[in-house]
Structure formats: structure tokens, C-alpha cells
>>> print(open('query_19.txt').read())   # compact mmCIF, C-alpha atoms
# COMPACT_ATOMS: atom_id res chain seq x y z
CA MET D 1 -95.67 76.84 90.61
CA LYS D 2 -97.80 74.73 92.88
CA GLN D 3 -98.95 77.69 94.98
CA ALA D 4 -101.37 78.62 92.22
CA ALA D 5 -103.77 76.03 93.62
CA ASP D 6 -103.97 77.71 97.01
CA PRO D 7 -105.77 81.09 96.83
CA ALA D 8 -104.55 82.19 100.27
CA LYS D 9 -100.93 81.58 99.32
CA GLU D 10 -101.50 83.33 96.03
CA ARG D 11 -102.98 86.31 97.82
CA TYR D 12 -99.94 86.64 100.08
CA ALA D 13 -97.53 86.24 97.18
CA LEU D 14 -99.26 88.88 95.07
CA MET D 15 -99.62 91.22 98.03
CA GLU D 16 -95.91 90.88 98.73
CA LYS D 17 -95.08 91.83 95.14
CA ILE D 18 -97.27 94.91 95.47
CA GLN D 19 -95.61 95.81 98.75
CA MET D 20 -92.18 95.52 97.13
CA VAL D 21 -92.99 97.76 94.18
CA ASP D 22 -94.96 100.26 96.27
CA PHE D 23 -92.14 100.47 98.78
CA ALA D 24 -89.68 101.46 96.07
CA LEU D 25 -92.24 104.08 94.99
CA VAL D 26 -92.41 105.47 98.54
CA GLU D 27 -88.63 105.68 98.69
CA LEU D 28 -88.41 107.38 95.30
CA THR D 29 -91.21 109.79 96.27
CA LEU D 30 -89.35 111.02 99.35
CA TYR D 31 -86.09 111.14 97.40
CA LEU D 32 -87.64 113.16 94.58
CA ASP D 33 -89.20 115.55 97.08
CA THR D 34 -85.65 116.72 97.81
CA HIS D 35 -84.15 115.89 94.37
CA PRO D 36 -86.75 117.18 91.90
CA GLN D 37 -84.27 117.38 88.99
CA ASP D 38 -83.15 113.72 88.97
CA THR D 39 -84.37 112.54 85.55
CA GLN D 40 -83.26 108.98 86.05
CA ALA D 41 -85.13 108.65 89.34
CA ILE D 42 -88.25 110.13 87.74
CA GLN D 43 -88.00 107.61 84.93
CA GLN D 44 -87.70 104.76 87.43
CA PHE D 45 -90.63 106.20 89.40
CA ASN D 46 -92.89 106.27 86.34
CA GLN D 47 -91.86 102.77 85.32
CA LEU D 48 -92.64 101.39 88.77
CA ALA D 49 -95.93 103.30 88.85
CA VAL D 50 -97.05 101.34 85.77
CA GLU D 51 -95.87 98.09 87.34
CA SER D 52 -97.76 98.87 90.55
CA ARG D 53 -100.95 99.68 88.64
CA ASP D 54 -100.78 96.38 86.74
CA LEU D 55 -100.08 94.31 89.86
CA LYS D 56 -102.96 95.96 91.69
CA SER D 57 -105.47 95.38 88.94
CA ALA D 58 -104.42 91.70 88.88
CA TYR D 59 -104.84 91.51 92.67
CA GLU D 60 -108.18 93.31 92.62
CA GLN D 61 -109.62 90.95 90.01
CA ARG D 62 -108.96 88.01 92.34
CA PHE D 63 -109.34 89.48 95.81
CA GLY D 64 -111.42 92.63 95.60
CA PRO D 65 -110.71 96.35 95.66
CA LEU D 66 -107.62 97.80 97.32
CA ARG D 67 -108.57 101.46 97.17
CA GLN D 68 -111.76 103.39 97.75
CA TYR D 69 -113.59 106.49 96.52
CA GLY D 70 -113.37 105.31 92.95
CA ALA D 71 -109.65 104.58 92.75
CA SER D 72 -110.61 100.90 92.37
CA PHE D 73 -113.59 99.33 90.60
CA SER D 74 -116.17 97.42 92.61
CA GLY D 75 -117.38 93.87 92.08
CA TYR D 76 -121.00 92.81 92.63
CA PRO D 77 -122.20 92.85 95.33
CA TRP D 78 -120.26 95.75 96.83
CA ASN D 79 -117.21 93.94 98.19
CA TRP D 80 -115.14 96.71 99.77
CA GLY D 81 -116.06 95.57 103.28
CA ASP D 82 -115.01 91.96 102.77
CA SER D 83 -112.45 90.54 105.18
CA PRO D 84 -109.57 90.27 105.57
CA TRP D 85 -108.58 93.83 106.37
CA PRO D 86 -104.84 94.55 106.40
CA TRP D 87 -104.42 93.83 110.11
CA GLN D 88 -106.30 90.54 109.74
CA LEU D 89 -104.12 89.21 106.92
CA MET B 1 -107.95 114.46 100.73
CA TRP B 2 -106.57 111.02 101.45
CA TYR B 3 -107.11 107.62 99.85
CA TYR B 4 -107.10 104.52 102.00
CA GLU B 5 -105.42 101.44 100.59
CA LYS B 6 -106.35 98.02 101.91
CA LYS B 7 -102.77 96.87 102.40
CA LEU B 8 -99.99 97.16 104.95
CA GLN B 9 -96.80 98.93 103.91
CA TYR B 10 -94.80 95.96 105.20
CA PRO B 11 -95.98 92.44 106.13
CA VAL B 12 -96.55 92.14 109.89
CA LYS B 13 -96.30 88.76 111.56
CA VAL B 14 -96.01 87.88 115.23
CA THR B 15 -94.94 84.50 116.60
CA GLU B 16 -97.25 84.14 119.59
CA CYS B 17 -99.96 85.68 121.71
CA ASN B 18 -97.85 88.01 123.87
CA PRO B 19 -99.71 90.93 125.48
CA ARG B 20 -96.57 92.06 127.34
CA LEU B 21 -94.91 93.09 124.07
CA ALA B 22 -98.11 94.91 123.14
CA LYS B 23 -97.77 96.91 126.35
CA TYR B 24 -94.37 98.18 125.21
CA LEU B 25 -95.40 98.70 121.60
CA ILE B 26 -98.23 101.02 122.57
CA GLU B 27 -95.46 103.60 123.14
CA GLN B 28 -95.16 103.90 119.36
CA TYR B 29 -98.95 104.08 118.99
CA GLY B 30 -99.89 106.87 121.38
CA GLY B 31 -96.53 107.98 122.81
CA ALA B 32 -94.69 111.28 122.38
CA ASP B 33 -92.40 110.01 119.64
CA GLY B 34 -94.88 107.51 118.26
CA GLU B 35 -96.36 107.25 114.80
CA LEU B 36 -99.55 109.21 115.58
CA SER B 37 -97.48 112.12 116.87
CA ALA B 38 -95.25 111.94 113.81
CA ALA B 39 -98.10 111.95 111.29
CA LEU B 40 -99.93 114.82 112.97
CA ARG B 41 -96.74 116.83 113.55
CA TYR B 42 -95.64 116.81 109.91
CA LEU B 43 -99.04 117.25 108.33
CA ASN B 44 -99.79 120.16 110.64
CA GLN B 45 -96.51 121.95 109.94
CA ARG B 46 -97.23 121.98 106.21
CA TYR B 47 -99.38 125.09 106.41
CA SER B 48 -96.61 127.38 107.57
CA ILE B 49 -93.47 126.10 105.88
CA PRO B 50 -91.86 127.22 102.59
CA ASP B 51 -93.52 125.65 99.55
CA LYS B 52 -90.34 123.81 98.59
CA VAL B 53 -90.67 121.33 101.48
CA ILE B 54 -94.47 120.96 101.73
CA GLY B 55 -94.37 117.92 99.44
CA LEU B 56 -91.87 116.16 101.69
CA LEU B 57 -93.87 116.87 104.87
CA THR B 58 -97.03 115.61 103.14
CA ASP B 59 -95.42 112.39 101.99
CA ILE B 60 -93.58 111.55 105.20
CA GLY B 61 -96.67 112.46 107.24
CA THR B 62 -98.73 110.12 105.09
CA GLU B 63 -96.20 107.30 105.42
CA GLU B 64 -96.41 107.70 109.21
CA PHE B 65 -100.10 106.74 109.06
CA ALA B 66 -99.04 103.53 107.30
CA HIS B 67 -96.62 102.92 110.18
CA LEU B 68 -99.39 103.63 112.70
CA GLU B 69 -101.44 100.92 111.02
CA MET B 70 -98.48 98.51 111.27
CA ILE B 71 -98.12 99.20 115.01
CA ALA B 72 -101.88 98.74 115.46
CA THR B 73 -101.62 95.45 113.59
CA MET B 74 -98.82 94.24 115.88
CA ILE B 75 -100.80 95.15 119.02
CA TYR B 76 -103.95 93.62 117.55
CA LYS B 77 -102.20 90.35 116.77
CA LEU B 78 -100.31 90.19 120.09
CA THR B 79 -103.49 90.68 122.16
CA LYS B 80 -106.19 89.15 119.98
CA ASP B 81 -108.01 86.44 121.95
CA ALA B 82 -105.89 87.14 125.04
CA THR B 83 -107.93 86.37 128.18
CA PRO B 84 -108.40 88.89 131.02
CA GLU B 85 -105.97 86.74 133.04
CA GLN B 86 -103.32 86.99 130.31
CA MET B 87 -103.84 90.75 130.04
CA LYS B 88 -103.49 91.07 133.82
CA ALA B 89 -100.35 88.93 133.91
CA ALA B 90 -98.83 91.13 131.17
CA GLY B 91 -99.34 94.27 133.21
CA LEU B 92 -102.34 95.27 131.12
CA GLY B 93 -104.91 94.83 133.91
CA ALA B 94 -105.48 98.58 134.19
CA HIS B 95 -105.79 98.82 130.41
CA TYR B 96 -108.27 95.95 130.38
CA ALA B 97 -110.40 97.53 133.11
CA ASN B 98 -110.91 100.60 130.94
CA HIS B 99 -110.68 99.30 127.37
CA ASP B 100 -111.04 95.52 127.26
CA ASN B 101 -108.81 94.53 124.30
CA ALA B 102 -109.43 97.79 122.45
CA LEU B 103 -106.50 99.90 121.31
CA PHE B 104 -106.18 103.33 122.84
CA TYR B 105 -103.88 106.26 122.08
CA HIS B 106 -101.72 106.25 125.16
CA ASN B 107 -98.08 105.51 125.86
CA ALA B 108 -96.51 102.45 127.48
CA ALA B 109 -97.04 104.01 130.91
CA GLY B 110 -100.74 104.66 130.22
CA SER B 111 -100.65 108.45 129.71
CA PRO B 112 -103.14 109.47 127.02
CA TRP B 113 -101.85 111.06 123.83
CA THR B 114 -101.69 114.85 124.01
CA ALA B 115 -101.15 117.60 121.44
CA THR B 116 -98.32 118.89 123.62
CA TYR B 117 -96.22 116.04 122.17
CA ILE B 118 -96.01 117.87 118.86
CA GLN B 119 -94.67 121.32 118.14
CA ALA B 120 -95.34 123.87 115.44
CA LYS B 121 -93.18 126.93 115.99
CA GLY B 122 -93.85 128.47 112.58
CA ASP B 123 -90.12 128.90 112.08
CA PRO B 124 -89.07 126.53 109.26
CA ILE B 125 -85.65 125.71 110.69
CA ALA B 126 -86.98 125.20 114.22
CA ASP B 127 -89.75 122.95 112.88
CA LEU B 128 -87.46 120.85 110.68
CA TYR B 129 -84.98 120.41 113.53
CA GLU B 130 -87.89 119.26 115.68
CA ASP B 131 -88.75 116.74 112.96
CA ILE B 132 -85.18 115.45 112.76
CA ALA B 133 -85.12 115.08 116.55
CA ALA B 134 -88.47 113.27 116.44
CA GLU B 135 -87.12 110.78 113.91
CA GLU B 136 -84.01 110.10 116.01
CA LYS B 137 -86.15 109.67 119.15
CA ALA B 138 -88.46 107.26 117.35
CA ARG B 139 -85.40 105.35 116.08
CA ALA B 140 -84.14 105.08 119.66
CA THR B 141 -87.55 103.91 120.91
CA TYR B 142 -87.57 101.14 118.32
CA GLN B 143 -84.10 100.12 119.49
CA TRP B 144 -85.24 99.88 123.11
CA ILE B 145 -88.29 97.84 122.13
CA ILE B 146 -86.22 95.52 119.90
CA ASN B 147 -83.79 95.07 122.83
CA MET B 148 -86.66 93.85 125.02
CA SER B 149 -88.48 91.72 122.45
CA ASP B 150 -87.71 88.07 121.84
CA ASP B 151 -90.19 87.64 118.99
CA PRO B 152 -88.15 87.31 115.77
CA CYS B 153 -91.14 87.95 113.48
CA LEU B 154 -92.11 91.08 115.38
CA ASN B 155 -88.50 92.29 115.41
CA ASP B 156 -88.37 91.97 111.64
CA SER B 157 -91.20 94.50 111.29
CA LEU B 158 -89.72 96.72 114.02
CA LYS B 159 -86.38 96.80 112.22
CA PHE B 160 -88.18 97.95 109.09
CA LEU B 161 -89.81 100.78 111.04
CA ARG B 162 -86.49 101.73 112.63
CA GLU B 163 -84.83 101.94 109.22
CA ARG B 164 -87.63 104.21 107.99
CA GLU B 165 -86.76 106.66 110.77
CA VAL B 166 -83.19 106.75 109.44
CA VAL B 167 -84.42 107.55 105.93
CA HIS B 168 -86.91 110.18 107.13
CA SER B 169 -84.22 111.87 109.19
CA GLN B 170 -82.03 111.95 106.07
CA ARG B 171 -84.77 113.64 104.03
CA PHE B 172 -85.51 116.22 106.74
CA ARG B 173 -81.79 117.02 106.89
CA GLU B 174 -81.88 117.56 103.12
CA ALA B 175 -84.93 119.81 103.54
CA VAL B 176 -82.89 121.98 105.92
CA GLU B 177 -80.13 122.19 103.29
CA ILE B 178 -82.68 123.21 100.65
CA LEU B 179 -83.96 126.03 102.87
CA LYS B 180 -80.41 127.15 103.74
CA PHE B 181 -79.49 127.85 100.15
CA GLU B 182 -80.85 130.38 97.74
CA LYS B 183 -83.60 129.58 95.28
CA ASP B 184 -82.51 127.81 92.08
CA ARG B 185 -78.98 127.24 93.28
CA LYS B 186 -77.58 123.84 92.51
CA GLN B 187 -78.21 121.51 95.42
CA PHE B 188 -75.25 119.22 95.13
CA PHE B 189 -72.03 120.27 96.73
CA MET G 1 -64.66 107.75 109.38
CA TYR G 2 -68.21 106.41 109.42
CA THR G 3 -68.99 103.68 111.90
CA PRO G 4 -72.59 102.86 112.84
CA ILE G 5 -71.88 102.52 116.55
CA LYS G 6 -69.72 104.26 119.17
CA CYS G 7 -68.80 102.91 122.60
CA TYR G 8 -67.42 104.29 125.84
CA GLN G 9 -66.77 103.23 129.42
CA PRO G 10 -69.01 105.12 131.84
CA TYR G 11 -67.52 106.06 135.21
CA HIS G 12 -68.41 103.49 137.87
CA GLY G 13 -68.47 104.88 141.39
CA PRO G 14 -67.62 102.85 144.48
CA PHE G 15 -71.19 103.28 145.80
CA ASP G 16 -73.01 102.28 142.58
CA PRO G 17 -74.96 99.18 143.65
CA CYS G 18 -75.66 97.69 140.20
CA PRO G 19 -72.77 95.75 138.68
CA PRO G 20 -71.11 97.90 136.00
CA ARG G 21 -72.38 97.41 132.44
CA GLY G 22 -68.83 97.81 131.20
CA THR G 23 -68.86 99.25 127.72
CA VAL G 24 -71.91 101.30 126.75
CA CYS G 25 -72.69 101.94 123.08
CA TYR G 26 -74.89 104.27 121.09
CA GLN G 27 -75.90 104.28 117.44
CA THR G 28 -74.62 106.77 114.88
CA PRO G 29 -76.71 105.96 111.79
CA PRO G 30 -75.60 106.81 108.24
CA ASN G 31 -77.90 109.83 107.93
CA LEU G 32 -75.46 111.66 110.23
CA TYR G 33 -72.70 111.35 107.62
CA LEU G 34 -74.24 111.19 104.16
CA GLY G 35 -74.91 114.89 103.64
CA PHE G 36 -77.20 115.72 100.70
CA GLN G 37 -77.70 112.36 98.99
CA PRO G 38 -75.87 112.38 95.62
CA PRO G 39 -77.82 111.14 92.56
CA ASN G 40 -77.44 107.72 90.94
CA LEU G 41 -76.31 105.84 94.04
CA GLN G 42 -76.36 102.07 93.93
CA GLN G 43 -79.76 100.56 94.79
CA PHE G 44 -80.98 97.33 96.31
CA PRO G 45 -83.01 95.15 93.93
CA ILE G 46 -86.72 95.98 94.31
CA GLN G 47 -87.40 92.57 95.91
CA GLU G 48 -84.78 93.23 98.57
CA ALA G 49 -85.36 96.92 99.27
CA LEU G 50 -88.64 96.27 101.13
CA TYR G 51 -86.90 93.91 103.56
CA LYS G 52 -84.00 96.30 104.05
CA GLY G 53 -86.35 99.21 104.76
CA THR G 54 -84.58 101.41 102.21
CA LEU G 55 -83.82 101.47 98.51
CA TRP G 56 -80.21 102.56 99.02
CA PRO G 57 -77.45 100.50 100.64
CA VAL G 58 -75.78 103.74 101.73
CA LEU G 59 -78.73 104.41 104.08
CA TYR G 60 -79.10 100.83 105.30
CA ASP G 61 -78.35 100.54 108.99
CA PRO G 62 -78.96 97.04 110.37
CA TYR G 63 -79.85 96.86 114.07
CA PRO G 64 -78.48 95.49 116.32
CA THR G 65 -75.24 96.50 114.64
CA PRO G 66 -73.29 93.41 113.66
CA LEU G 67 -70.19 93.61 115.86
CA GLU G 68 -66.72 92.57 114.80
CA LYS G 69 -65.52 89.24 116.12
CA GLY G 70 -64.56 89.35 119.78
CA ALA G 71 -66.18 92.74 120.39
CA LYS G 72 -68.47 93.20 123.40
CA ARG G 73 -71.57 95.33 123.42
>>> encode(input="query_19.txt", output="C-alpha cells")
Amino acid sequence: MKQAADPAKERYALMEKIQMVDFALVELTLYLDTHPQDTQAIQQFNQLAVESRDLKSAYEQRFGPLRQYGASFSGYPWNWGDSPWPWQL
Amino acid sequence: MWYYEKKLQYPVKVTECNPRLAKYLIEQYGGADGELSAALRYLNQRYSIPDKVIGLLTDIGTEEFAHLEMIATMIYKLTKDATPEQMKAAGLGAHYANHDNALFYHNAAGSPWTATYIQAKGDPIADLYEDIAAEEKARATYQWIINMSDDPCLNDSLKFLREREVVHSQRFREAVEILKFEKDRKQFF
Amino acid sequence: MYTPIKCYQPYHGPFDPCPPRGTVCYQTPPNLYLGFQPPNLQQFPIQEALYKGTLWPVLYDPYPTPLEKGAKR
């Protein structure tokens, strides 16, 4: 893939993957809130949760932390405040 | 407590600098059936609703904040670098006089957000019916904005938000069903 | 039967100055018909679900509703 050379493109591609997986997790969350006994949906939820965690740690290693208050690790120097913020992307 | 995540729920792109569309979109930022109202309505109702549906109100309320951030992003992008003349030409002269290009929680007609937009009756059925109505009203608002907008990129994000209202309405309807039936009874019928 | 849109002809009075809009339609999204969502419904692939706005085709309601050929809105 030639987009690997362009960090901006790579950022958007990786972010999109995270958005896809996290969206399915949002949908399953709301579904399970009203269907707490659905084993298959819970299995899918847990599977996607692992996938989301892995994608995010790959993103964070390249582009800095996604979450705060200790849910993500920090680089040095403290890089939480680095642009772009979501609305600037 | 809440955790912030440095990501949008859905990618937001706009085609061009277009403050007029921002003027309409602000309805879903600080309007009666907008995303701020939705988030605050659901999260506030949690404290006086049966335990079985608190999780749903928490999760939908939280998703509404993600939608609020998407709307803010659209307005930000549509008005960023717009000149006072462009703001004036878009009907945002009065907004500019008070706020420059800052966002503000008011509706498309300029009325500031008010707590009277959201209800908490303390009656679970009344509150959930209010929530269902709110989702349908927000869906309708998105339709009216999509009907007026000629920005295909913006419409893509607006269609996403409209679809979310459909799903939320579905879940609130299921919450009503859960409360209608006795504890531990099978939910599928 | 479930259809995502319903249309009607509003009354047009002789003293209504705006030209009649003809048929007027309103949306009737799938959440009005689904009832309590049954388990194990077909899903969109994860890559598609985001762009549909839902994980389940049964809840997907494209807007504006694609109209049948020849239909007027």
C-alpha cells in the first residue's frame, strides 16, 4: 500500500478503522442494554472490544493518546494537547 | 465519571465555507430537539427511572455528546475563516455582533438554550415517551436540514445522525416494553 | 405492510395563494414496525455499518427515501 508513506493518510485510514469498530460496539451496547441475555451479541461485543483496544494502541503509538485520565499512556513530552483535535481533523 | 476520547464518532467533512448552513445546523446544537437537549434529558432522567433502563439512558445520553461534537465540528468547519461580510451575508450578522465566530448554545432563530426544552416527570412511561418523541423530532429536524442543504459531504454526516435517531427511538420503545412486562419474564413475543 | 414513506394530497382551497405542492409525504421509519428486536438478525459488515448508521439492515432507513420509478415526492 503506497499510503504508508504519507502519515496524514495513514492517520485517517487508521482512525476510520477505529471508528468502524467502535461504531459496532456502540450499536451492540445499546442493543445489549435491552437484550442482556443475547450470548452471541455479547461474544461479538467482547471480540470487537479486543479489536478496538489493539487498533487504538497502534494509533496511539503513531499519533499520540486518544483517551485521558490514564486510559491511554503518555509520550514524552506530555502530548495530549497536540493538534489536531477531532474537529480539526 | 466520563472519559473523553480524541476522536469523532463519524468522520465529518464539509465541501465549502458556507456559514448559511451553519446557521441552520445550530438548531441541532442549542435547539429544543438538538443534541445538547438530548444528552442532558437522558442523563438527567437516569436518577428516577427503574434500574433496568438506567444503562440504556446512560449510553444513549453519552452517545448524544458525541453527536453534539459532530454538530460543533460541522459548524466550526462551515464558518472557520469566514469574514464578517460572509457571516452577515449568511444571516449571521446578529450572531457575529455578539459572538464573533464562536459557537453558542442557541437555536437557528437565535433563542438561547433553556432547561425548559427537557422534561423529567419522574414517571417512567411519561419520560420514555418524551424520549421517543424527542428522537422523532430530532429525526424530522435532520430531514428539514438535509432538504435545505446542497453540501453532499455535510449531508452524508447528517444522514448518519438521522439514522441514529431511528435506532435510539427503537431502543427507547424496547425500554417501554421492558417496563410494561413483569420482572424476569421472557422479552421476546 | 411496512413502507418507509406515506403520501397524501392536502386540500387546496380556492384562496390559497401559493401554488399547490401536490402530493405531500411523511416518513414512517422502521422503528415504528419492528417491535422488540428479535435476536440474531442479519448484520451489515463492520466496515459498512458505520456508513449506514446502524449495524442492522432491518433498522436502516435511507433518507431521502428512494422513490419507485415515476413516483413524485
>>> closest_residue(input="query_19.txt", among="G:Gln9, G:Thr54, G:Asn40, G:Thr65", to="chain B", atoms="all atoms listed in the file")
G:Thr54
>>> closest_atom_pairs(input="query_19.txt", of="chain D", to="chain G", cutoff="10 Å", atoms="all atoms listed in the file", output="JSON lines")
{"residue": "D:Glu16", "atom": "CA", "partner": "G:Gln47", "partner_atom": "CA", "distance": 9.1}
{"residue": "D:Lys17", "atom": "CA", "partner": "G:Gln47", "partner_atom": "CA", "distance": 7.8}
{"residue": "D:Gln19", "atom": "CA", "partner": "G:Leu50", "partner_atom": "CA", "distance": 7.4}
{"residue": "D:Met20", "atom": "CA", "partner": "G:Leu50", "partner_atom": "CA", "distance": 5.4}
{"residue": "D:Val21", "atom": "CA", "partner": "G:Ile46", "partner_atom": "CA", "distance": 6.5}
{"residue": "D:Asp22", "atom": "CA", "partner": "G:Leu50", "partner_atom": "CA", "distance": 8.9}
{"residue": "D:Phe23", "atom": "CA", "partner": "G:Leu50", "partner_atom": "CA", "distance": 6.0}
{"residue": "D:Ala24", "atom": "CA", "partner": "G:Leu55", "partner_atom": "CA", "distance": 6.3}
{"residue": "D:Leu25", "atom": "CA", "partner": "G:Leu55", "partner_atom": "CA", "distance": 9.5}
{"residue": "D:Val26", "atom": "CA", "partner": "G:Leu55", "partner_atom": "CA", "distance": 9.5}
{"residue": "D:Glu27", "atom": "CA", "partner": "G:Leu55", "partner_atom": "CA", "distance": 6.4}
{"residue": "D:Leu28", "atom": "CA", "partner": "G:Leu55", "partner_atom": "CA", "distance": 8.1}
{"residue": "D:Tyr31", "atom": "CA", "partner": "G:Gln37", "partner_atom": "CA", "distance": 8.6}
{"residue": "D:Thr34", "atom": "CA", "partner": "G:Phe36", "partner_atom": "CA", "distance": 9.0}
{"residue": "D:His35", "atom": "CA", "partner": "G:Pro39", "partner_atom": "CA", "distance": 8.1}
{"residue": "D:Gln37", "atom": "CA", "partner": "G:Pro39", "partner_atom": "CA", "distance": 9.7}
{"residue": "D:Asp38", "atom": "CA", "partner": "G:Pro39", "partner_atom": "CA", "distance": 6.9}
{"residue": "D:Thr39", "atom": "CA", "partner": "G:Pro39", "partner_atom": "CA", "distance": 9.7}
{"residue": "D:Gln40", "atom": "CA", "partner": "G:Asn40", "partner_atom": "CA", "distance": 7.7}
{"residue": "D:Ala41", "atom": "CA", "partner": "G:Asn40", "partner_atom": "CA", "distance": 7.9}
{"residue": "D:Leu48", "atom": "CA", "partner": "G:Ile46", "partner_atom": "CA", "distance": 9.7}
>>> closest_atom_pairs(input="query_19.txt", of="chain D", to="chain B", cutoff="6 Å", atoms="only C-alpha atoms", output="tab-separated table")
residue	atom	partner	partner_atom	distance
D:Asp33	CA	B:Leu56	CA	5.4
D:Leu66	CA	B:Lys6	CA	4.8
D:Arg67	CA	B:Glu5	CA	4.6
D:Pro86	CA	B:Lys7	CA	5.1
D:Trp87	CA	B:Thr73	CA	4.8
>>> atom_distance(input="query_19.txt", atom1="atom CA of Lys159 of chain B", atom2="atom CA of Pro57 of chain G")
15.1 Å
>>> residues_around(input="query_19.txt", residues="Gly75 of chain D", least_positions_apart="4", cutoff="12 Å", atoms="all atoms listed in the file", output="short mmCIF file (atom, residue, chain, number, x, y, z; two decimals) with C-alpha atoms, in the frame of the given file")
data_model
loop_
_atom_site.label_atom_id
_atom_site.label_comp_id
_atom_site.auth_asym_id
_atom_site.auth_seq_id
_atom_site.Cartn_x
_atom_site.Cartn_y
_atom_site.Cartn_z
CA GLU D 60 -108.18 93.31 92.62
CA GLN D 61 -109.62 90.95 90.01
CA ARG D 62 -108.96 88.01 92.34
CA PHE D 63 -109.34 89.48 95.81
CA GLY D 64 -111.42 92.63 95.60
CA PRO D 65 -110.71 96.35 95.66
CA LEU D 66 -107.62 97.80 97.32
CA ASN D 79 -117.21 93.94 98.19
CA TRP D 80 -115.14 96.71 99.77
CA GLY D 81 -116.06 95.57 103.28
CA ASP D 82 -115.01 91.96 102.77
#
>>> atom_distance(input="query_19.txt", atom1="atom CA of Ile49 of chain B", atom2="atom CA of Val166 of chain B")
22.2 Å
>>> atom_distance(input="query_19.txt", atom1="atom CA of Ala32 of chain B", atom2="atom CA of His106 of chain B")
9.1 Å
>>> closest_residue(input="query_19.txt", among="G:Pro66, G:Gly35, G:Gln42, G:Ile5", to="chain B", atoms="only C-alpha atoms")
G:Gly35
>>> closest_residue(input="query_19.txt", among="G:Lys52, G:Thr3, G:Leu67, G:Val24", to="chain B", atoms="all atoms listed in the file")
G:Lys52
>>> closest_residue(input="query_19.txt", among="B:Ala66, B:Ile26, B:Ala94, B:Leu128", to="Leu161 of chain B", atoms="all atoms listed in the file")
B:Ala66
>>> residues_around(input="query_19.txt", residues="Gly93 of chain B", least_positions_apart="2", cutoff="12 Å", atoms="all atoms listed in the file", output="number ranges by chain")
B: 19-20, 23, 82-91, 95-101, 110
>>> decode(input="query_19.txt", residues="segment 1-45 of chain G", atoms="C-alpha atoms", output="tab-separated table (two decimals), in the first residue's frame")
chain	number	residue	atom	x	y	z
G	1	MET	CA	-47.21	-3.63	5.25
G	2	TYR	CA	-44.09	-1.63	6.04
G	3	THR	CA	-43.24	1.23	3.73
G	4	PRO	CA	-40.81	3.96	4.80
G	5	ILE	CA	-42.90	6.81	3.42
G	6	LYS	CA	-46.60	7.73	3.20
G	7	CYS	CA	-48.13	10.36	0.93
G	8	TYR	CA	-51.40	12.25	0.71
G	9	GLN	CA	-52.99	15.12	-1.20
G	10	PRO	CA	-53.69	18.07	1.08
G	11	TYR	CA	-56.85	20.08	0.41
G	12	HIS	CA	-56.12	23.13	-1.74
G	13	GLY	CA	-58.56	25.98	-1.24
G	14	PRO	CA	-59.50	28.45	-3.96
G	15	PHE	CA	-57.96	31.32	-1.95
G	16	ASP	CA	-54.61	29.62	-1.18
G	17	PRO	CA	-52.10	31.93	-2.89
G	18	CYS	CA	-49.13	29.52	-3.08
G	19	PRO	CA	-49.27	27.02	-5.93
G	20	PRO	CA	-50.29	23.61	-4.53
G	21	ARG	CA	-47.43	21.28	-3.57
G	22	GLY	CA	-49.46	18.37	-4.90
G	23	THR	CA	-48.55	15.23	-3.03
G	24	VAL	CA	-47.15	15.69	0.47
G	25	CYS	CA	-45.19	12.86	2.12
G	26	TYR	CA	-44.03	11.98	5.60
G	27	GLN	CA	-41.58	9.38	6.85
G	28	THR	CA	-42.59	6.22	8.70
G	29	PRO	CA	-39.22	4.75	9.76
G	30	PRO	CA	-38.73	1.05	10.54
G	31	ASN	CA	-38.69	1.56	14.32
G	32	LEU	CA	-42.47	2.05	14.08
G	33	TYR	CA	-42.91	-1.52	12.85
G	34	LEU	CA	-40.09	-3.68	14.21
G	35	GLY	CA	-41.44	-4.27	17.71
G	36	PHE	CA	-38.92	-5.72	20.18
G	37	GLN	CA	-35.89	-6.50	18.02
G	38	PRO	CA	-35.51	-10.30	17.70
G	39	PRO	CA	-32.02	-11.77	18.32
G	40	ASN	CA	-29.60	-12.90	15.60
G	41	LEU	CA	-30.83	-10.58	12.86
G	42	GLN	CA	-28.65	-10.17	9.81
G	43	GLN	CA	-25.94	-7.52	10.21
G	44	PHE	CA	-24.06	-5.20	7.91
G	45	PRO	CA	-20.32	-5.92	7.67
